[in-house]
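One file, final.txt, is given below (compact mmCIF, N, CA and C atoms and all ligand atoms).
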# COMPACT_ATOMS: atom_id res chain seq x y z
N MET A 1 0.84 -1.20 0.00
CA MET A 1 0.00 0.00 0.00
C MET A 1 0.88 1.26 0.00
N PHE A 2 1.95 1.29 0.85
CA PHE A 2 2.83 2.46 0.84
C PHE A 2 3.95 2.19 -0.17
N LYS A 3 4.18 3.15 -1.07
CA LYS A 3 5.18 2.95 -2.13
C LYS A 3 6.56 3.45 -1.72
N LYS A 4 6.62 4.64 -1.10
CA LYS A 4 7.93 5.23 -0.77
C LYS A 4 7.70 6.52 0.02
N ILE A 5 8.78 7.09 0.52
CA ILE A 5 8.67 8.46 1.04
C ILE A 5 8.61 9.33 -0.21
N ASP A 6 7.45 9.98 -0.44
CA ASP A 6 7.33 10.75 -1.68
C ASP A 6 8.08 12.07 -1.53
N HIS A 7 7.84 12.77 -0.42
CA HIS A 7 8.62 14.00 -0.21
C HIS A 7 8.57 14.45 1.25
N VAL A 8 9.52 15.33 1.55
CA VAL A 8 9.51 16.02 2.83
C VAL A 8 9.25 17.49 2.51
N GLY A 9 8.26 18.08 3.18
CA GLY A 9 7.92 19.48 2.93
C GLY A 9 8.64 20.36 3.94
N ILE A 10 9.27 21.42 3.43
CA ILE A 10 10.01 22.34 4.32
C ILE A 10 9.43 23.74 4.15
N ALA A 11 9.02 24.35 5.25
CA ALA A 11 8.43 25.70 5.21
C ALA A 11 9.55 26.74 5.23
N VAL A 12 9.53 27.62 4.23
CA VAL A 12 10.57 28.66 4.15
C VAL A 12 9.91 30.03 3.98
N LYS A 13 10.60 31.07 4.46
CA LYS A 13 10.06 32.43 4.37
C LYS A 13 10.17 32.98 2.95
N ASN A 14 11.36 32.71 2.33
CA ASN A 14 11.62 33.28 1.02
C ASN A 14 12.15 32.20 0.09
N LEU A 15 11.34 31.82 -0.90
CA LEU A 15 11.68 30.67 -1.76
C LEU A 15 12.97 30.92 -2.54
N ASP A 16 13.12 32.09 -3.14
CA ASP A 16 14.31 32.33 -3.99
C ASP A 16 15.59 32.25 -3.17
N GLU A 17 15.55 32.83 -1.97
CA GLU A 17 16.75 32.74 -1.11
C GLU A 17 17.01 31.29 -0.69
N SER A 18 15.93 30.58 -0.36
CA SER A 18 16.09 29.19 0.10
C SER A 18 16.60 28.30 -1.01
N ILE A 19 16.18 28.58 -2.25
CA ILE A 19 16.68 27.79 -3.40
C ILE A 19 18.20 27.96 -3.49
N LYS A 20 18.69 29.18 -3.28
CA LYS A 20 20.14 29.42 -3.35
C LYS A 20 20.86 28.58 -2.29
N VAL A 21 20.28 28.56 -1.08
CA VAL A 21 20.90 27.79 0.01
C VAL A 21 20.97 26.31 -0.35
N TRP A 22 19.84 25.76 -0.81
CA TRP A 22 19.79 24.31 -1.10
C TRP A 22 20.59 23.96 -2.34
N GLU A 23 20.63 24.86 -3.33
CA GLU A 23 21.46 24.54 -4.51
C GLU A 23 22.93 24.68 -4.15
N GLY A 24 23.24 25.59 -3.19
CA GLY A 24 24.63 25.72 -2.73
C GLY A 24 25.12 24.42 -2.09
N LEU A 25 24.16 23.67 -1.51
CA LEU A 25 24.50 22.37 -0.90
C LEU A 25 24.78 21.31 -1.96
N GLY A 26 24.36 21.62 -3.21
CA GLY A 26 24.56 20.64 -4.29
C GLY A 26 23.28 20.04 -4.80
N PHE A 27 22.12 20.43 -4.23
CA PHE A 27 20.83 19.93 -4.73
C PHE A 27 20.45 20.72 -5.98
N LYS A 28 19.53 20.15 -6.79
CA LYS A 28 19.09 20.84 -7.99
C LYS A 28 17.57 21.02 -7.94
N VAL A 29 17.10 22.26 -8.06
CA VAL A 29 15.65 22.49 -8.10
C VAL A 29 15.17 22.13 -9.49
N GLU A 30 14.26 21.15 -9.57
CA GLU A 30 13.75 20.68 -10.87
C GLU A 30 12.70 21.63 -11.42
N GLU A 31 11.78 22.05 -10.58
CA GLU A 31 10.74 22.99 -11.04
C GLU A 31 10.21 23.78 -9.86
N VAL A 32 9.66 24.95 -10.20
CA VAL A 32 8.98 25.79 -9.21
C VAL A 32 7.54 25.94 -9.69
N GLU A 33 6.61 25.68 -8.78
CA GLU A 33 5.19 25.65 -9.19
C GLU A 33 4.34 26.30 -8.10
N GLU A 34 3.32 27.05 -8.53
CA GLU A 34 2.38 27.59 -7.55
C GLU A 34 1.22 26.61 -7.42
N VAL A 35 0.77 26.37 -6.19
CA VAL A 35 -0.40 25.50 -5.96
C VAL A 35 -1.43 26.36 -5.23
N PRO A 36 -2.25 27.12 -6.00
CA PRO A 36 -3.18 28.08 -5.38
C PRO A 36 -4.11 27.45 -4.32
N ASP A 37 -4.52 26.20 -4.59
CA ASP A 37 -5.45 25.52 -3.65
C ASP A 37 -4.83 25.44 -2.24
N GLN A 38 -3.49 25.37 -2.18
CA GLN A 38 -2.82 25.24 -0.88
C GLN A 38 -2.17 26.55 -0.45
N LYS A 39 -2.32 27.58 -1.31
CA LYS A 39 -1.75 28.91 -1.01
C LYS A 39 -0.23 28.80 -0.78
N VAL A 40 0.42 28.05 -1.68
CA VAL A 40 1.88 27.90 -1.59
C VAL A 40 2.54 28.00 -2.97
N ARG A 41 3.84 28.35 -2.92
CA ARG A 41 4.69 28.22 -4.11
C ARG A 41 5.74 27.18 -3.71
N VAL A 42 5.96 26.22 -4.58
CA VAL A 42 6.79 25.06 -4.23
C VAL A 42 8.01 24.95 -5.15
N ALA A 43 9.16 24.74 -4.58
CA ALA A 43 10.36 24.40 -5.37
C ALA A 43 10.63 22.93 -5.11
N VAL A 44 10.69 22.13 -6.18
CA VAL A 44 10.83 20.68 -6.04
C VAL A 44 12.26 20.25 -6.33
N ILE A 45 12.84 19.53 -5.37
CA ILE A 45 14.20 18.98 -5.51
C ILE A 45 14.09 17.47 -5.49
N ARG A 46 14.59 16.80 -6.53
CA ARG A 46 14.54 15.33 -6.54
C ARG A 46 15.77 14.78 -5.82
N VAL A 47 15.57 13.79 -4.97
CA VAL A 47 16.70 13.12 -4.30
C VAL A 47 16.43 11.62 -4.43
N GLY A 48 17.03 11.00 -5.45
CA GLY A 48 16.70 9.58 -5.71
C GLY A 48 15.23 9.45 -6.06
N GLU A 49 14.54 8.50 -5.40
CA GLU A 49 13.12 8.30 -5.74
C GLU A 49 12.21 9.27 -4.97
N SER A 50 12.82 10.05 -4.06
CA SER A 50 12.00 10.97 -3.24
C SER A 50 12.23 12.42 -3.68
N ARG A 51 11.55 13.33 -2.99
CA ARG A 51 11.69 14.76 -3.29
C ARG A 51 11.80 15.56 -2.00
N ILE A 52 12.32 16.75 -2.10
CA ILE A 52 12.22 17.76 -1.05
C ILE A 52 11.37 18.87 -1.65
N GLU A 53 10.38 19.34 -0.89
CA GLU A 53 9.53 20.44 -1.35
C GLU A 53 9.84 21.66 -0.49
N LEU A 54 10.39 22.70 -1.10
CA LEU A 54 10.54 23.96 -0.35
C LEU A 54 9.25 24.74 -0.55
N LEU A 55 8.61 25.15 0.52
CA LEU A 55 7.27 25.75 0.44
C LEU A 55 7.27 27.18 0.97
N GLU A 56 6.79 28.10 0.12
CA GLU A 56 6.64 29.50 0.53
C GLU A 56 5.15 29.85 0.51
N ALA A 57 4.69 30.60 1.51
CA ALA A 57 3.28 31.02 1.54
C ALA A 57 3.03 32.04 0.44
N THR A 58 1.84 31.96 -0.18
CA THR A 58 1.49 32.97 -1.19
C THR A 58 0.46 33.95 -0.65
N SER A 59 0.05 33.72 0.61
CA SER A 59 -0.87 34.69 1.24
C SER A 59 -0.72 34.57 2.75
N GLU A 60 -1.22 35.60 3.44
CA GLU A 60 -1.11 35.63 4.91
C GLU A 60 -1.84 34.45 5.56
N ASP A 61 -2.90 34.02 4.89
CA ASP A 61 -3.70 32.93 5.51
C ASP A 61 -3.25 31.55 5.01
N SER A 62 -2.09 31.50 4.36
CA SER A 62 -1.56 30.20 3.96
C SER A 62 -1.17 29.38 5.19
N PRO A 63 -1.38 28.06 5.17
CA PRO A 63 -0.96 27.23 6.30
C PRO A 63 0.55 27.37 6.59
N ILE A 64 1.31 27.65 5.52
CA ILE A 64 2.76 27.82 5.68
C ILE A 64 3.06 29.11 6.44
N ALA A 65 2.29 30.16 6.16
CA ALA A 65 2.51 31.44 6.88
C ALA A 65 2.24 31.24 8.37
N LYS A 66 1.15 30.53 8.66
CA LYS A 66 0.76 30.31 10.06
C LYS A 66 1.80 29.44 10.77
N PHE A 67 2.29 28.44 10.07
CA PHE A 67 3.29 27.54 10.63
C PHE A 67 4.56 28.31 10.97
N ILE A 68 5.03 29.14 10.03
CA ILE A 68 6.28 29.89 10.25
C ILE A 68 6.12 30.91 11.37
N GLU A 69 4.93 31.52 11.42
CA GLU A 69 4.66 32.51 12.48
C GLU A 69 4.83 31.84 13.86
N LYS A 70 4.31 30.60 13.92
CA LYS A 70 4.26 29.91 15.21
C LYS A 70 5.58 29.19 15.50
N ARG A 71 6.20 28.55 14.48
CA ARG A 71 7.33 27.66 14.73
C ARG A 71 8.60 28.03 13.98
N GLY A 72 8.50 29.05 13.12
CA GLY A 72 9.68 29.39 12.30
C GLY A 72 9.83 28.43 11.13
N GLU A 73 10.88 28.63 10.36
CA GLU A 73 11.15 27.77 9.18
C GLU A 73 11.54 26.37 9.67
N GLY A 74 11.31 25.40 8.77
CA GLY A 74 11.74 24.04 9.10
C GLY A 74 10.85 22.99 8.47
N ILE A 75 11.11 21.74 8.91
CA ILE A 75 10.35 20.62 8.33
C ILE A 75 8.87 20.81 8.67
N HIS A 76 8.03 20.69 7.64
CA HIS A 76 6.60 20.98 7.79
C HIS A 76 5.75 19.72 7.72
N HIS A 77 6.04 18.85 6.73
CA HIS A 77 5.24 17.62 6.62
C HIS A 77 6.04 16.51 5.95
N LEU A 78 5.50 15.30 6.14
CA LEU A 78 6.07 14.09 5.54
C LEU A 78 5.02 13.53 4.60
N ALA A 79 5.40 13.31 3.35
CA ALA A 79 4.44 12.79 2.36
C ALA A 79 4.84 11.37 1.96
N ILE A 80 3.86 10.47 2.04
CA ILE A 80 4.11 9.07 1.71
C ILE A 80 3.33 8.73 0.45
N GLY A 81 4.00 8.07 -0.49
CA GLY A 81 3.34 7.66 -1.74
C GLY A 81 2.46 6.45 -1.49
N VAL A 82 1.21 6.53 -1.95
CA VAL A 82 0.27 5.40 -1.79
C VAL A 82 -0.26 4.96 -3.15
N GLU A 83 -0.69 3.67 -3.21
CA GLU A 83 -1.28 3.14 -4.45
C GLU A 83 -2.67 3.72 -4.68
N ASP A 84 -3.48 3.73 -3.60
CA ASP A 84 -4.89 4.09 -3.76
C ASP A 84 -5.27 5.02 -2.60
N ILE A 85 -5.24 6.33 -2.87
CA ILE A 85 -5.40 7.31 -1.78
C ILE A 85 -6.80 7.26 -1.20
N GLU A 86 -7.81 7.01 -2.05
CA GLU A 86 -9.18 6.95 -1.50
C GLU A 86 -9.32 5.79 -0.52
N ALA A 87 -8.74 4.65 -0.92
CA ALA A 87 -8.86 3.46 -0.04
C ALA A 87 -8.16 3.72 1.29
N LYS A 88 -7.03 4.35 1.23
CA LYS A 88 -6.24 4.65 2.45
C LYS A 88 -7.01 5.62 3.35
N LEU A 89 -7.61 6.61 2.74
CA LEU A 89 -8.38 7.59 3.53
C LEU A 89 -9.56 6.90 4.24
N GLU A 90 -10.22 6.00 3.48
CA GLU A 90 -11.34 5.23 4.06
C GLU A 90 -10.86 4.47 5.29
N GLU A 91 -9.73 3.77 5.09
CA GLU A 91 -9.17 2.93 6.17
C GLU A 91 -8.84 3.77 7.40
N LEU A 92 -8.15 4.90 7.18
CA LEU A 92 -7.73 5.73 8.33
C LEU A 92 -8.95 6.34 9.02
N LYS A 93 -9.94 6.70 8.23
CA LYS A 93 -11.17 7.28 8.82
C LYS A 93 -11.84 6.23 9.71
N ARG A 94 -11.92 5.01 9.18
CA ARG A 94 -12.54 3.89 9.92
C ARG A 94 -11.78 3.66 11.23
N LYS A 95 -10.48 3.83 11.19
CA LYS A 95 -9.64 3.57 12.36
C LYS A 95 -9.62 4.76 13.33
N GLY A 96 -10.32 5.85 12.92
CA GLY A 96 -10.44 6.98 13.85
C GLY A 96 -9.35 8.03 13.75
N TYR A 97 -8.55 7.99 12.69
CA TYR A 97 -7.54 9.04 12.51
C TYR A 97 -8.25 10.32 12.05
N ARG A 98 -7.75 11.46 12.51
CA ARG A 98 -8.39 12.75 12.20
C ARG A 98 -7.91 13.21 10.81
N LEU A 99 -8.83 13.17 9.85
CA LEU A 99 -8.46 13.56 8.48
C LEU A 99 -8.68 15.05 8.27
N ILE A 100 -7.68 15.73 7.73
CA ILE A 100 -7.88 17.13 7.34
C ILE A 100 -8.64 17.15 6.03
N ASP A 101 -8.30 16.23 5.14
CA ASP A 101 -9.00 16.09 3.85
C ASP A 101 -9.70 14.74 3.80
N GLU A 102 -11.02 14.75 3.66
CA GLU A 102 -11.75 13.47 3.55
C GLU A 102 -11.65 12.95 2.11
N LYS A 103 -11.50 13.90 1.19
CA LYS A 103 -11.34 13.55 -0.23
C LYS A 103 -10.00 14.15 -0.70
N PRO A 104 -9.33 13.46 -1.64
CA PRO A 104 -8.05 14.02 -2.09
C PRO A 104 -8.22 15.33 -2.85
N ARG A 105 -7.16 16.16 -2.79
CA ARG A 105 -7.10 17.40 -3.57
C ARG A 105 -5.96 17.25 -4.56
N ILE A 106 -5.79 18.21 -5.44
CA ILE A 106 -4.70 18.14 -6.40
C ILE A 106 -3.53 18.99 -5.89
N GLY A 107 -2.37 18.35 -5.78
CA GLY A 107 -1.18 19.05 -5.27
C GLY A 107 -0.16 19.30 -6.38
N ALA A 108 1.07 19.52 -5.98
CA ALA A 108 2.15 19.81 -6.94
C ALA A 108 2.31 18.64 -7.91
N GLY A 109 2.56 19.00 -9.18
CA GLY A 109 2.78 17.96 -10.19
C GLY A 109 1.51 17.18 -10.50
N GLY A 110 0.35 17.72 -10.08
CA GLY A 110 -0.92 17.06 -10.40
C GLY A 110 -1.19 15.82 -9.56
N ALA A 111 -0.42 15.64 -8.48
CA ALA A 111 -0.65 14.46 -7.63
C ALA A 111 -1.96 14.62 -6.84
N LYS A 112 -2.56 13.46 -6.50
CA LYS A 112 -3.72 13.48 -5.60
C LYS A 112 -3.16 13.46 -4.18
N ILE A 113 -3.55 14.43 -3.35
CA ILE A 113 -2.98 14.52 -2.00
C ILE A 113 -4.07 14.67 -0.96
N ALA A 114 -3.75 14.25 0.27
CA ALA A 114 -4.68 14.44 1.39
C ALA A 114 -3.86 14.42 2.67
N PHE A 115 -4.26 15.27 3.64
CA PHE A 115 -3.49 15.39 4.87
C PHE A 115 -4.20 14.75 6.06
N VAL A 116 -3.41 14.15 6.96
CA VAL A 116 -3.90 13.59 8.23
C VAL A 116 -3.38 14.51 9.34
N HIS A 117 -4.24 14.82 10.29
CA HIS A 117 -3.89 15.83 11.29
C HIS A 117 -2.71 15.40 12.17
N PRO A 118 -1.80 16.33 12.46
CA PRO A 118 -0.63 15.96 13.27
C PRO A 118 -1.01 15.41 14.66
N LYS A 119 -2.16 15.87 15.18
CA LYS A 119 -2.57 15.39 16.50
C LYS A 119 -2.87 13.89 16.50
N SER A 120 -3.14 13.36 15.30
CA SER A 120 -3.42 11.91 15.19
C SER A 120 -2.16 11.11 14.84
N VAL A 121 -1.07 11.80 14.52
CA VAL A 121 0.11 11.10 13.97
C VAL A 121 1.37 11.52 14.74
N THR A 122 1.32 11.39 16.01
CA THR A 122 2.46 11.67 16.92
C THR A 122 3.16 12.99 16.57
N GLY A 123 2.35 14.01 16.27
CA GLY A 123 2.90 15.35 16.05
C GLY A 123 3.45 15.59 14.65
N VAL A 124 3.17 14.64 13.74
CA VAL A 124 3.67 14.81 12.36
C VAL A 124 2.49 15.09 11.43
N LEU A 125 2.61 16.16 10.64
CA LEU A 125 1.60 16.40 9.61
C LEU A 125 1.91 15.42 8.48
N LEU A 126 1.00 14.45 8.28
CA LEU A 126 1.22 13.39 7.29
C LEU A 126 0.43 13.69 6.02
N GLU A 127 1.11 13.64 4.90
CA GLU A 127 0.44 13.81 3.60
C GLU A 127 0.45 12.48 2.86
N LEU A 128 -0.72 12.06 2.39
CA LEU A 128 -0.81 10.89 1.51
C LEU A 128 -0.75 11.43 0.09
N CYS A 129 -0.01 10.75 -0.78
CA CYS A 129 0.24 11.29 -2.11
C CYS A 129 0.17 10.17 -3.16
N GLU A 130 -0.78 10.31 -4.11
CA GLU A 130 -0.90 9.29 -5.17
C GLU A 130 -0.50 9.93 -6.50
N ARG A 131 0.57 9.40 -7.08
CA ARG A 131 1.04 9.95 -8.37
C ARG A 131 0.74 8.95 -9.48
N SER A 132 0.46 9.45 -10.66
CA SER A 132 0.14 8.52 -11.75
C SER A 132 1.41 8.09 -12.48
N GLU A 133 2.60 8.40 -11.93
CA GLU A 133 3.84 8.07 -12.71
C GLU A 133 4.08 6.56 -12.77
C1 LIG B 1 2.02 21.50 -2.49
C2 LIG B 1 1.39 20.37 -1.69
C3 LIG B 1 1.89 19.05 -2.23
O1 LIG B 1 2.64 18.30 -1.59
O2 LIG B 1 1.50 18.77 -3.40
C4 LIG B 1 1.65 20.57 -0.21
O3 LIG B 1 2.37 19.86 0.46
S1 LIG B 1 0.79 21.87 0.43
C5 LIG B 1 1.43 22.06 2.09
C6 LIG B 1 0.62 23.14 2.81
N1 LIG B 1 -0.78 22.68 3.08
C7 LIG B 1 -1.08 22.15 4.30
O4 LIG B 1 -0.31 22.08 5.25
C8 LIG B 1 -2.52 21.67 4.40
C9 LIG B 1 -2.72 20.86 5.69
N2 LIG B 1 -2.48 21.71 6.89
C10 LIG B 1 -3.56 22.20 7.60
O5 LIG B 1 -4.75 21.95 7.31
C11 LIG B 1 -3.21 23.05 8.81
O6 LIG B 1 -1.91 23.60 8.64
C12 LIG B 1 -3.25 22.24 10.16
C13 LIG B 1 -2.23 21.09 10.14
C14 LIG B 1 -4.69 21.69 10.37
C15 LIG B 1 -2.88 23.19 11.31
O7 LIG B 1 -3.70 24.30 11.16
P1 LIG B 1 -4.24 25.08 12.44
O8 LIG B 1 -4.99 26.27 11.97
O9 LIG B 1 -4.95 24.11 13.30
O10 LIG B 1 -2.89 25.57 13.07
P2 LIG B 1 -2.47 25.52 14.57
O11 LIG B 1 -1.18 26.26 14.64
O12 LIG B 1 -3.64 25.97 15.42
O13 LIG B 1 -2.16 23.95 14.81
C16 LIG B 1 -2.96 23.12 15.59
C17 LIG B 1 -1.98 22.18 16.27
O14 LIG B 1 -1.26 21.42 15.25
C18 LIG B 1 0.13 21.71 15.36
N3 LIG B 1 0.66 21.82 14.00
C19 LIG B 1 0.29 22.72 13.05
N4 LIG B 1 0.97 22.51 11.92
C20 LIG B 1 1.79 21.45 12.16
C21 LIG B 1 2.75 20.75 11.38
N5 LIG B 1 3.00 21.13 10.11
N6 LIG B 1 3.40 19.70 11.93
C22 LIG B 1 3.14 19.32 13.22
N7 LIG B 1 2.24 19.95 14.02
C23 LIG B 1 1.58 21.00 13.49
C24 LIG B 1 0.25 23.03 16.11
O15 LIG B 1 1.49 23.08 16.79
C25 LIG B 1 -0.91 22.93 17.07
O16 LIG B 1 -0.53 22.07 18.12
P3 LIG B 1 -0.52 22.65 19.62
O17 LIG B 1 -1.95 23.06 19.88
O18 LIG B 1 -0.04 21.50 20.45
O19 LIG B 1 0.42 23.83 19.57
CO CO B 2 3.53 18.13 0.23

Spit out the file's structure as structure tokens when you get a sec.
Ligand SMILES: C[C@@H](C(=O)O)C(=O)SCCNC(=O)CCNC(=O)[C@H](O)C(C)(C)COP(=O)(O)OP(=O)(O)OC[C@H]1O[C@@H](n2cnc3c(N)ncnc32)[C@H](O)[C@@H]1OP(=O)(O)O
Ligand SMILES: [Co+2]
Amino acid sequence: MFKKIDHVGIAVKNLDESIKVWEGLGFKVEEVEEVPDQKVRVAVIRVGESRIELLEATSEDSPIAKFIEKRGEGIHHLAIGVEDIEAKLEELKRKGYRLIDEKPRIGAGGAKIAFVHPKSVTGVLLELCERSE
């Protein structure tokens, strides 16, 4: 059911500056994409079969803006690749996990994504991610 660690999301204040930092480390940003539904701009770095997502808020009410206000920059979420996101959501709902998204939404790269509340996952914001690749 779980395919791989799809990506780690990192909340940053300024995407362009953060890209310089991460590329200085030797990483390569593959693409930068805005995801209006999530009020974020994302820089995607591939690392083997996984990705790092640098996330900048595109509005004051973005979840990233609120996160940074409260906790500063840093690791924001863990995304796991799944075969069938609807089936997984059903299962977790049945088991009593607190779902932020009952139905998947469209995320970066057109993936189907859904979040599970950190209060249900030992303090980790968990993202389920189904890609058609
Ligand atoms: C581009 C796309 C993609 O991959 O394709 C993305 O990733 S979009 C990535 C951006 N989109 C998202 O994050 C969407 C899902 N996130 C959300 O719906 C929200 O951010 C929530 C996770 C529900 C938190 O929102 P809320 O308004 O409740 O904020 P809050 O500060 O009151 O947080 C409530 C409690 O959760 C904790 N909390 C908040 N954000 C957290 C995080 N990222 N990791 C771990 N804990 C977190 C807070 O410390 C607080 O705990 P205490 O009460 O103990 O202090
Ligand atoms: Co993500």

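A straight line drawn from atom C10 of ligand LIG 1 (chain B) to atom CA of His76 of chain A is 10.2 Å long.
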
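Across the model, the gap from atom N of Phe115 of chain A to atom N of Ser18 of chain A is 25.7 Å.
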
Exercise for the section: Please indicate the distance in Å from atom P1 of ligand LIG 1 (chain B) to atom CA of Glu69 of chain A, rounded to one decimal place. Expected result: 11.6 Å

Mind dumping a table of every chain A residue within 9 Å of ligand LIG 1 (chain B), with the nearest atom pair and its distance in Å to one decimal, using only C-alpha atoms and all ligand atoms, sorted by chain and rising number, as a Markdown table?
| residue | atom | partner | partner_atom | distance |
| --- | --- | --- | --- | --- |
| A:Asp6 | CA | B:LIG1 | O1 | 8.9 |
| A:His7 | CA | B:LIG1 | O1 | 7.5 |
| A:Val8 | CA | B:LIG1 | O3 | 8.4 |
| A:Gly9 | CA | B:LIG1 | O3 | 6.1 |
| A:Ile10 | CA | B:LIG1 | C5 | 8.9 |
| A:Ala11 | CA | B:LIG1 | C5 | 8.5 |
| A:Glu33 | CA | B:LIG1 | C1 | 8.5 |
| A:Glu34 | CA | B:LIG1 | C1 | 7.9 |
| A:Val35 | CA | B:LIG1 | C1 | 5.8 |
| A:Pro36 | CA | B:LIG1 | C1 | 8.9 |
| A:Asp37 | CA | B:LIG1 | S1 | 8.3 |
| A:Gln38 | CA | B:LIG1 | S1 | 5.1 |
| A:Lys39 | CA | B:LIG1 | C6 | 7.3 |
| A:Val40 | CA | B:LIG1 | S1 | 6.5 |
| A:Arg41 | CA | B:LIG1 | C1 | 7.4 |
| A:Val42 | CA | B:LIG1 | C1 | 6.2 |
| A:Glu53 | CA | B:LIG1 | O1 | 7.2 |
| A:Leu55 | CA | B:LIG1 | C5 | 7.1 |
| A:Ala57 | CA | B:LIG1 | C6 | 8.4 |
| A:Ser62 | CA | B:LIG1 | C6 | 7.5 |
| A:Pro63 | CA | B:LIG1 | O6 | 4.4 |
| A:Ile64 | CA | B:LIG1 | C6 | 5.9 |
| A:Lys66 | CA | B:LIG1 | O11 | 6.4 |
| A:Phe67 | CA | B:LIG1 | N4 | 5.7 |
| A:Glu69 | CA | B:LIG1 | O11 | 8.8 |
| A:Lys70 | CA | B:LIG1 | O11 | 6.6 |
| A:Arg71 | CA | B:LIG1 | O15 | 7.7 |
| A:Ile75 | CA | B:LIG1 | N5 | 7.6 |
| A:His76 | CA | B:LIG1 | N5 | 4.3 |
| A:His77 | CA | B:LIG1 | N5 | 5.4 |
| A:Leu78 | CA | B:LIG1 | O3 | 8.5 |
| A:Ala79 | CA | B:LIG1 | O1 | 7.0 |
| A:Ile100 | CA | B:LIG1 | O5 | 5.7 |
| A:Asp101 | CA | B:LIG1 | O5 | 8.0 |
| A:Arg105 | CA | B:LIG1 | O2 | 8.7 |
| A:Ile106 | CA | B:LIG1 | O2 | 6.9 |
| A:Gly107 | CA | B:LIG1 | O2 | 3.3 |
| A:Ala108 | CA | B:LIG1 | O2 | 3.7 |
| A:Gly109 | CA | B:LIG1 | O2 | 7.0 |
| A:Gly110 | CA | B:LIG1 | O2 | 7.6 |
| A:Ala111 | CA | B:LIG1 | O2 | 6.4 |
| A:Lys112 | CA | B:LIG1 | O2 | 7.8 |
| A:Ile113 | CA | B:LIG1 | O2 | 6.3 |
| A:Ala114 | CA | B:LIG1 | C9 | 8.0 |
| A:Phe115 | CA | B:LIG1 | C9 | 5.6 |
| A:Val116 | CA | B:LIG1 | C9 | 7.8 |
| A:His117 | CA | B:LIG1 | C13 | 5.6 |
| A:Pro118 | CA | B:LIG1 | N7 | 5.0 |
| A:Lys119 | CA | B:LIG1 | O14 | 6.3 |
| A:Val121 | CA | B:LIG1 | C22 | 8.8 |
| A:Thr122 | CA | B:LIG1 | C22 | 8.5 |
| A:Gly123 | CA | B:LIG1 | C22 | 4.9 |
| A:Val124 | CA | B:LIG1 | C22 | 4.6 |
| A:Leu125 | CA | B:LIG1 | N6 | 4.4 |
| A:Leu126 | CA | B:LIG1 | N6 | 8.1 |
| A:Glu127 | CA | B:LIG1 | O3 | 7.1 |
| A:Leu128 | CA | B:LIG1 | O1 | 8.7 |
| A:Cys129 | CA | B:LIG1 | O1 | 7.4 |

Problem - Among the residues A:Val29, A:Ile80, A:Val47, A:Val12, the one that comes closest to ligand CO 2 (chain B) [using all atoms listed in the file] - result: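 Looking at the shortest contact to ligand CO 2 (chain B), the residue is A:Ile80.
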
Practice task
Select, from A:Ser120, A:Thr58, A:Asn14, A:Ser50, the residue with the minimum atom-to-atom distance to ligand CO 2 (chain B), counting only C-alpha atoms and all ligand atoms.
Solution key: A:Ser50

Practice task
as a list in words, list the residues of segment 35-101 of chain A assigned to strand (DSSP E or B) by DSSP on the backbone atoms of this structure.
Solution key: Val35, Val40, Arg41, Val42, Ala43, Val44, Ile45, Arg46, Val47, Ser50, Arg51, Ile52, Glu53, Leu54, Leu55, Glu56, Ala57, Gly74, Ile75, His76, His77, Leu78, Ala79, Ile80, Gly81, Val82 and Leu99 of chain A

Problem - Residue list (alpha helix (DSSP H), DSSP) for chain A, as a list of chain:residue names - result: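 Filtering chain A down to alpha helix (DSSP H) leaves A:Leu15, A:Asp16, A:Glu17, A:Ser18, A:Ile19, A:Lys20, A:Val21, A:Trp22, A:Glu23, A:Gly24, A:Pro63, A:Ile64, A:Ala65, A:Lys66, A:Phe67, A:Ile68, A:Glu69, A:Lys70, A:Arg71, A:Ile85, A:Glu86, A:Ala87, A:Lys88, A:Leu89, A:Glu90, A:Glu91, A:Leu92, A:Lys93, A:Arg94.
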
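Nearest residue to ligand CO 2 (chain B) among A:Lys28, A:Lys103, A:Lys20, A:Arg51 is A:Arg51, counting only C-alpha atoms and all ligand atoms.
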
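The smallest atom-to-atom distance between Arg46 of chain A and any of A:Ile5, A:Ala65, A:Leu15, A:Ile85, using only C-alpha atoms, is found for A:Ile5.
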
Handout entry: Counting only N, CA and C atoms, the residue of A:Asp84, A:Arg94, A:Ile19, A:Leu89 that sits nearest Leu54 of chain A
Key =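 Counting only N, CA and C atoms, the residue closest to Leu54 of chain A is A:Ile19.
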
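Closest to Val32 of chain A among A:Asp61, A:Phe2, A:Glu83, A:Glu56 is A:Glu56, based on only C-alpha atoms.
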
Can you sort out segment 113-117 of chain A so it carries N, CA, C and O atoms, written as a compact mmCIF listing (two decimals), in the frame of the given file?
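Printed below is rebuild32.txt as written:
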# COMPACT_ATOMS: atom_id res chain seq x y z
N ILE A 113 -3.55 14.43 -3.35
CA ILE A 113 -2.98 14.52 -2.00
C ILE A 113 -4.07 14.67 -0.96
O ILE A 113 -5.17 15.14 -1.26
N ALA A 114 -3.75 14.25 0.27
CA ALA A 114 -4.68 14.44 1.39
C ALA A 114 -3.86 14.42 2.67
O ALA A 114 -2.88 13.67 2.78
N PHE A 115 -4.26 15.27 3.64
CA PHE A 115 -3.49 15.39 4.87
C PHE A 115 -4.20 14.75 6.06
O PHE A 115 -5.43 14.83 6.16
N VAL A 116 -3.41 14.15 6.96
CA VAL A 116 -3.90 13.59 8.23
C VAL A 116 -3.38 14.51 9.34
O VAL A 116 -2.22 14.94 9.31
N HIS A 117 -4.24 14.82 10.29
CA HIS A 117 -3.89 15.83 11.29
C HIS A 117 -2.71 15.40 12.17
O HIS A 117 -2.67 14.25 12.62
